[in-house]
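Have a look at input39.csv; it's CSV, C-alpha atoms and all ligand atoms:
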chain,number,residue,atom,x,y,z
M,4,MET,CA,74.9,142.1,72.9
M,5,MET,CA,74.6,138.8,74.7
M,6,GLY,CA,73.9,136.0,72.2
M,7,ARG,CA,74.2,138.2,69.1
M,8,VAL,CA,75.8,136.7,66.1
M,9,ALA,CA,78.6,138.9,64.8
M,10,ILE,CA,80.8,138.7,61.7
M,11,VAL,CA,84.1,140.7,61.8
M,12,THR,CA,85.7,140.9,58.4
M,13,GLY,CA,89.5,140.7,58.5
M,14,GLY,CA,88.8,139.5,62.0
M,15,THR,CA,91.8,137.3,62.7
M,16,ARG,CA,94.6,140.0,63.1
M,17,GLY,CA,95.3,143.6,63.9
M,18,ILE,CA,92.3,145.8,64.6
M,19,GLY,CA,89.9,143.1,63.4
M,20,GLU,CA,91.3,140.6,65.9
M,21,ALA,CA,90.9,143.1,68.8
M,22,ILE,CA,87.3,143.7,67.6
M,23,SER,CA,86.6,139.9,67.5
M,24,LEU,CA,87.9,139.5,71.1
M,25,ALA,CA,85.9,142.6,72.3
M,26,LEU,CA,82.6,141.3,70.9
M,27,ARG,CA,83.3,137.8,72.2
M,28,ASP,CA,84.0,139.2,75.7
M,29,ARG,CA,80.7,141.0,75.6
M,30,GLY,CA,78.8,137.8,74.9
M,31,CYS,CA,78.5,137.7,71.1
M,32,THR,CA,79.0,134.6,69.0
M,33,VAL,CA,81.7,135.9,66.8
M,34,VAL,CA,82.8,134.6,63.4
M,35,ALA,CA,86.1,136.1,62.1
M,36,ASN,CA,86.3,136.3,58.3
M,37,TYR,CA,89.7,136.4,56.8
M,38,GLY,CA,91.2,136.8,53.4
M,39,GLY,CA,94.8,135.5,53.7
M,40,ASN,CA,96.9,133.1,55.7
M,41,ASP,CA,95.1,129.8,56.7
M,42,GLU,CA,97.8,128.8,59.2
M,43,LYS,CA,97.5,132.1,61.0
M,44,ALA,CA,93.7,131.8,61.1
M,45,ARG,CA,94.0,128.3,62.5
M,46,ILE,CA,96.3,129.6,65.3
M,47,PHE,CA,93.9,132.4,66.0
M,48,THR,CA,91.0,130.0,66.4
M,49,GLU,CA,93.1,127.7,68.6
M,50,ALA,CA,94.1,130.6,70.8
M,51,THR,CA,90.7,132.3,71.0
M,52,GLY,CA,88.0,129.7,70.4
M,53,ILE,CA,86.6,132.0,67.7
M,54,ALA,CA,85.6,130.4,64.4
M,55,ALA,CA,87.5,131.8,61.4
M,56,ILE,CA,86.1,131.4,57.9
M,57,LYS,CA,87.9,132.5,54.7
M,58,TRP,CA,86.3,134.4,51.9
M,59,ASP,CA,87.2,137.5,49.8
M,60,VAL,CA,85.0,140.4,50.9
M,61,GLY,CA,85.6,142.0,47.5
M,62,ASP,CA,83.8,139.1,45.8
M,63,HIS,CA,80.0,139.6,45.9
M,64,GLN,CA,79.0,135.9,45.6
M,65,ALA,CA,81.6,134.9,48.2
M,66,CYS,CA,80.0,137.3,50.7
M,67,LEU,CA,76.5,136.0,50.0
M,68,ASP,CA,77.8,132.4,50.4
M,69,GLY,CA,80.0,133.1,53.4
M,70,CYS,CA,77.2,135.0,55.3
M,71,ALA,CA,74.7,132.2,54.5
M,72,ALA,CA,77.1,129.6,55.9
M,73,VAL,CA,77.5,131.6,59.1
M,74,ALA,CA,73.7,131.9,59.5
M,75,ASP,CA,73.3,128.2,58.9
M,76,GLN,CA,75.9,127.3,61.5
M,77,PHE,CA,75.4,130.0,64.1
M,78,GLY,CA,72.1,131.7,63.5
M,79,PRO,CA,70.9,134.9,61.8
M,80,VAL,CA,73.6,137.6,61.5
M,81,ASP,CA,72.9,140.5,63.9
M,82,ILE,CA,76.2,142.4,63.7
M,83,VAL,CA,78.6,143.1,60.8
M,84,ILE,CA,81.9,144.8,61.3
M,85,ASN,CA,83.4,145.8,58.0
M,86,ASN,CA,87.0,145.9,59.0
M,87,ALA,CA,88.9,144.2,56.1
M,88,GLY,CA,91.1,146.5,54.2
M,89,ILE,CA,94.3,146.8,52.2
M,90,THR,CA,96.7,149.6,51.1
M,91,ARG,CA,98.3,149.8,47.6
M,92,ASP,CA,100.1,153.2,48.1
M,93,GLY,CA,101.8,155.3,45.5
M,94,VAL,CA,101.7,158.7,44.0
M,95,LEU,CA,99.2,159.1,41.2
M,96,ALA,CA,101.8,158.9,38.5
M,97,LYS,CA,103.0,155.5,39.7
M,98,MET,CA,99.6,154.1,40.8
M,99,SER,CA,98.3,151.4,38.4
M,100,PHE,CA,94.6,150.9,37.5
M,101,ASP,CA,94.9,147.6,39.3
M,102,ASP,CA,96.1,149.4,42.5
M,103,TRP,CA,93.1,151.7,42.3
M,104,ASN,CA,90.6,148.9,41.5
M,105,GLU,CA,91.8,146.5,44.1
M,106,VAL,CA,91.6,149.0,46.9
M,107,MET,CA,88.1,150.1,45.9
M,108,ARG,CA,87.0,146.5,45.4
M,109,ILE,CA,88.1,145.3,48.8
M,110,ASN,CA,87.8,148.4,51.0
M,111,LEU,CA,84.6,149.9,49.7
M,112,GLY,CA,83.1,147.1,47.7
M,113,GLY,CA,83.5,144.8,50.7
M,114,CYS,CA,81.2,147.0,52.7
M,115,PHE,CA,78.6,146.9,50.0
M,116,ASN,CA,78.9,143.2,49.5
M,117,MET,CA,78.6,142.4,53.2
M,118,ALA,CA,75.6,144.8,53.6
M,119,LYS,CA,73.8,143.2,50.6
M,120,ALA,CA,74.3,139.8,52.3
M,121,THR,CA,73.0,140.8,55.8
M,122,PHE,CA,71.1,144.1,56.0
M,123,GLY,CA,67.8,142.8,54.7
M,124,GLY,CA,67.7,140.1,57.4
M,125,MET,CA,68.5,142.6,60.1
M,126,ARG,CA,65.7,144.9,58.9
M,127,ASN,CA,63.2,142.0,58.8
M,128,ARG,CA,64.1,141.0,62.4
M,129,GLY,CA,64.1,144.6,63.6
M,130,TRP,CA,67.6,144.8,65.1
M,131,GLY,CA,71.0,145.1,63.6
M,132,ARG,CA,74.4,146.8,63.9
M,133,ILE,CA,76.8,147.6,61.0
M,134,VAL,CA,80.0,149.3,61.9
M,135,ASN,CA,82.3,150.2,59.0
M,136,ILE,CA,86.0,150.9,59.6
M,137,GLY,CA,86.9,154.1,57.7
M,138,SER,CA,90.1,156.1,58.4
M,139,VAL,CA,91.5,159.5,59.3
M,140,ASN,CA,93.0,159.4,55.8
M,141,GLY,CA,89.5,159.2,54.4
M,142,GLN,CA,88.7,162.4,56.2
M,143,ALA,CA,91.9,164.4,55.6
M,144,GLY,CA,93.5,162.6,52.6
M,145,GLN,CA,97.1,161.4,52.6
M,146,TYR,CA,100.0,161.8,50.2
M,147,GLY,CA,100.3,158.7,48.0
M,148,GLN,CA,96.9,157.3,48.9
M,149,VAL,CA,94.3,158.6,46.4
M,150,ASN,CA,92.9,155.0,46.2
M,151,TYR,CA,92.8,154.4,49.9
M,152,ALA,CA,91.5,157.9,50.8
M,153,ALA,CA,88.8,157.7,48.2
M,154,ALA,CA,87.7,154.3,49.4
M,155,LYS,CA,87.7,155.3,53.1
M,156,SER,CA,85.9,158.6,52.3
M,157,GLY,CA,83.4,156.5,50.4
M,158,ILE,CA,82.9,154.3,53.4
M,159,HIS,CA,81.9,157.4,55.4
M,160,GLY,CA,79.3,158.4,52.8
M,161,PHE,CA,78.1,154.8,52.4
M,162,THR,CA,77.5,154.7,56.2
M,163,LYS,CA,75.5,157.9,56.2
M,164,ALA,CA,73.3,156.7,53.3
M,165,LEU,CA,72.7,153.2,54.5
M,166,ALA,CA,71.9,154.5,58.0
M,167,GLN,CA,68.8,156.2,56.6
M,168,GLU,CA,67.5,152.9,55.2
M,169,GLY,CA,67.9,151.1,58.5
M,170,ALA,CA,66.9,153.9,60.9
M,171,LYS,CA,63.2,153.0,61.2
M,172,PHE,CA,63.9,149.3,61.5
M,173,GLY,CA,66.2,149.1,64.5
M,174,VAL,CA,69.3,148.8,62.3
M,175,THR,CA,72.1,151.3,63.0
M,176,VAL,CA,75.0,151.9,60.6
M,177,ASN,CA,78.0,153.8,61.9
M,178,ALA,CA,81.6,154.2,61.1
M,179,ILE,CA,84.8,154.6,63.0
M,180,ALA,CA,87.6,156.7,61.6
M,181,PRO,CA,90.7,155.4,63.3
M,182,GLY,CA,93.9,157.4,63.4
M,183,TYR,CA,97.2,155.6,63.2
M,184,VAL,CA,97.1,152.3,65.0
M,185,ASP,CA,100.0,149.9,65.8
M,186,THR,CA,99.3,147.0,63.4
M,187,ASP,CA,101.0,145.2,60.5
M,188,MET,CA,99.4,147.8,58.1
M,189,VAL,CA,101.3,150.6,59.9
M,190,ALA,CA,104.4,148.5,60.3
M,191,ALA,CA,104.7,148.7,56.5
M,192,VAL,CA,105.1,152.5,56.6
M,193,PRO,CA,108.8,153.5,56.4
M,194,ALA,CA,110.2,154.4,59.8
M,195,PRO,CA,111.1,158.1,59.0
M,196,VAL,CA,107.6,158.7,57.6
M,197,LEU,CA,106.0,157.1,60.6
M,198,GLU,CA,108.1,159.2,63.0
M,199,LYS,CA,106.7,162.3,61.3
M,200,ILE,CA,103.2,161.0,61.5
M,201,VAL,CA,103.5,160.2,65.2
M,202,ALA,CA,105.0,163.6,65.9
M,203,LYS,CA,101.6,165.1,64.7
M,204,ILE,CA,99.5,162.9,67.0
M,205,PRO,CA,98.6,165.0,70.0
M,206,VAL,CA,98.7,162.1,72.5
M,207,GLY,CA,102.2,161.4,71.1
M,208,ARG,CA,101.8,157.7,70.2
M,209,LEU,CA,100.1,155.2,67.9
M,210,GLY,CA,96.8,153.8,68.9
M,211,HIS,CA,96.3,150.3,70.2
M,212,ALA,CA,94.0,148.0,68.3
M,213,TYR,CA,91.9,147.5,71.5
M,214,GLU,CA,91.2,151.2,71.6
M,215,ILE,CA,89.4,151.0,68.3
M,216,ALA,CA,87.7,147.7,69.4
M,217,ARG,CA,86.2,149.4,72.5
M,218,ALA,CA,84.6,152.1,70.3
M,219,VAL,CA,83.2,149.4,68.0
M,220,ALA,CA,81.8,147.5,71.0
M,221,PHE,CA,80.1,150.7,72.2
M,222,LEU,CA,78.5,151.3,68.7
M,223,CYS,CA,77.2,147.7,68.8
M,224,SER,CA,75.7,148.1,72.3
M,225,GLU,CA,72.4,149.5,73.5
M,226,ASN,CA,74.3,152.5,74.8
M,227,ALA,CA,74.5,153.7,71.2
M,228,SER,CA,70.9,153.1,70.3
M,229,PHE,CA,70.3,156.7,69.2
M,230,MET,CA,73.5,156.9,67.1
M,231,THR,CA,73.3,156.1,63.4
M,232,GLY,CA,75.0,157.5,60.4
M,233,SER,CA,77.8,158.8,62.6
M,234,THR,CA,81.6,158.5,62.0
M,235,LEU,CA,83.3,158.3,65.3
M,236,SER,CA,86.9,159.6,65.2
M,237,VAL,CA,89.3,157.6,67.4
M,238,ASN,CA,92.6,159.1,66.6
M,239,GLY,CA,94.5,160.4,69.6
M,240,GLY,CA,93.4,163.9,68.9
M,241,GLN,CA,94.6,164.0,65.3
M,242,HIS,CA,91.6,166.0,64.1
M,243,MET,CA,92.0,167.7,60.7
A,301,LIG,P1,95.8,144.5,58.8
A,301,LIG,O1,96.5,144.6,57.5
A,301,LIG,O2,96.6,144.1,60.0
A,301,LIG,O3,94.5,143.6,58.7
A,301,LIG,C1,93.7,143.7,57.6
A,301,LIG,C2,92.8,142.5,57.6
A,301,LIG,O4,92.0,142.5,56.4
A,301,LIG,C3,93.6,141.2,57.6
A,301,LIG,O5,93.0,140.3,58.5
A,301,LIG,C4,93.3,140.7,56.1
A,301,LIG,O6,93.3,139.3,56.0
A,301,LIG,C5,92.0,141.2,55.9
A,301,LIG,N1,91.7,141.3,54.4
A,301,LIG,C6,92.4,142.0,53.5
A,301,LIG,N2,91.8,141.8,52.3
A,301,LIG,C7,90.8,140.9,52.5
A,301,LIG,C8,89.8,140.4,51.6
A,301,LIG,N3,89.8,140.6,50.3
A,301,LIG,N4,88.8,139.6,52.2
A,301,LIG,C9,88.8,139.4,53.5
A,301,LIG,N5,89.7,139.9,54.4
A,301,LIG,C10,90.7,140.7,53.8
A,301,LIG,O7,95.3,146.0,59.0
A,301,LIG,P2,94.7,146.8,60.3
A,301,LIG,O8,95.7,147.9,60.6
A,301,LIG,O9,94.3,145.8,61.4
A,301,LIG,O10,93.4,147.5,59.6
A,301,LIG,C11,92.1,147.0,59.8
A,301,LIG,C12,91.2,148.1,59.2
A,301,LIG,O11,91.4,149.4,59.8
A,301,LIG,C13,91.4,148.3,57.7
A,301,LIG,O12,90.2,148.6,57.1
A,301,LIG,C14,92.3,149.6,57.7
A,301,LIG,O13,92.2,150.3,56.5
A,301,LIG,C15,91.7,150.3,58.9
A,301,LIG,N6,92.6,151.3,59.4
A,301,LIG,C16,93.8,151.0,60.0
A,301,LIG,C17,94.6,152.0,60.5
A,301,LIG,C18,95.9,151.7,61.1
A,301,LIG,O14,96.6,152.6,61.5
A,301,LIG,N7,96.3,150.5,61.3
A,301,LIG,C19,94.2,153.3,60.5
A,301,LIG,C20,92.9,153.6,60.0
A,301,LIG,C21,92.1,152.6,59.4

For the file at hand, write its structure as structure tokens.
Amino acid sequence: MMGRVAIVTGGTRGIGEAISLALRDRGCTVVANYGGNDEKARIFTEATGIAAIKWDVGDHQACLDGCAAVADQFGPVDIVINNAGITRDGVLAKMSFDDWNEVMRINLGGCFNMAKATFGGMRNRGWGRIVNIGSVNGQAGQYGQVNYAAAKSGIHGFTKALAQEGAKFGVTVNAIAPGYVDTDMVAAVPAPVLEKIVAKIPVGRLGHAYEIARAVAFLCSENASFMTGSTLSVNGGQHM
């Protein structure tokens, strides 16, 4: 991984931040994409030395432009971690079309947009790694998350299909399906609901972001050279 250029979407906080650090620590030149708070991104860059660039992964043209800017500044993109994601939870009766569309646009559309911007170059150069962050809730479903579960399940399918296009060209495409991890996203879950969720996790606790990041780093390494189209469950034993 030494010297590889990596983009981590949503890479300035939570699981994405841990992935950015893990890849940097293994010798990659990392660019953390982000979609929100400029001040937080500035603090992240100051603390880590990792460049942070803002664009909306749900916007096709913004991904093309963002990835081109990264390539201009840092060199061809070798590794893409599609980590950016949002939740807009609600039971079907209360879920708006906008809640559905926005989660599909960012969580699943973001993977497509980022692959469109980088996969061809990886294939031409004969080496690449794409790791998509799915979810246990894309494998098992979750009450109040038809949008999120559909998008994450879609990510697992997208991974399997794109892997077949990269396999003969040195480009692997894998996914991670994290269980519940202690980040801002999970902090938004009401405490009584979270207690019930944690009670069902065999190891008896939430995951740490770095535990997901280590699995991502493995998938980007030569140790995973014969793995493609896989979804690796990293979930404290919460298999469905
Ligand atoms: P988080 O909310 O802390 O971070 C999400 C990141 O995505 C943020 O940096 C945000 O800026 C970025 N983002 C959101 N919309 C964006 C957009 N349009 N363009 C660019 N960036 C955008 O969440 P997290 O818990 O760190 O989750 C990271 C990923 O892991 C997500 O895909 C999430 O669905 C997945 N995941 C999380 C858990 C968990 O328990 N935390 C479990 C399974 C899967």

Can I get the residues close to ligand LIG 301 (chain A) as a PyMOL selection string, where close means within 6 Å and we count only C-alpha atoms and all ligand atoms? chain M and resi 12-19+37-39+58-61+86-89+109+136-138+181-189

Excluding Val139 of chain M and any residue of its chain fewer than 4 positions from it, enumerate the residues within 10 Å of it, using all atoms listed in the file, and give them as a list in words.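 Listing them by chain and then by number gives Ala143, Gly144, Gln145, Ala152, Lys155, Ser156, Ile179, Ala180, Pro181, Gly182, Tyr183, Ser236, Val237, Asn238, Gln241, His242 and Met243 of chain M.
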
From M:Cys31, M:Gly207, M:Val149, M:Ala218, residue lying nearest Lys97 of chain M [only C-alpha atoms]: M:Val149

What does the structure give for the distance between atom CA of Ala118 of chain M and atom CA of Cys70 of chain M, in Å to one decimal?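 Straight-line distance from atom CA of Ala118 of chain M to atom CA of Cys70 of chain M works out to 10.1 Å.
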
Need the shell around Gly93 of chain M: protein/DNA/RNA residues with any atom at most 7 Å away, counting all atoms listed in the file. Skip same-chain ones fewer than 2 positions apart. Format as number ranges by chain? M: 91, 95, 97-98, 147-148

Kindly indicate which residue among M:Asn226, M:Gly232, M:Gly240, M:Thr51 lies nearest to Arg208 of chain M, using only C-alpha atoms for the distances. M:Gly240

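Going from atom CA of Arg108 of chain M over to atom CA of Asp62 of chain M, you cover 8.1 Å.
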
Within 6 Å of (74.3, 149.1, 63.9), only C-alpha atoms: residues as a VMD selection string? chain M and resid 131 to 133 174 to 176 223

Could the residues in this selection be saved with C-alpha atoms as an mmCIF file, keeping the file's coordinate frame?
data_model
loop_
_atom_site.group_PDB
_atom_site.id
_atom_site.type_symbol
_atom_site.label_atom_id
_atom_site.label_comp_id
_atom_site.auth_asym_id
_atom_site.auth_seq_id
_atom_site.Cartn_x
_atom_site.Cartn_y
_atom_site.Cartn_z
ATOM 1 C CA GLY M 131 71.000 145.100 63.600
ATOM 2 C CA ARG M 132 74.400 146.800 63.900
ATOM 3 C CA ILE M 133 76.800 147.600 61.000
ATOM 4 C CA VAL M 174 69.300 148.800 62.300
ATOM 5 C CA THR M 175 72.100 151.300 63.000
ATOM 6 C CA VAL M 176 75.000 151.900 60.600
ATOM 7 C CA CYS M 223 77.200 147.700 68.800
#
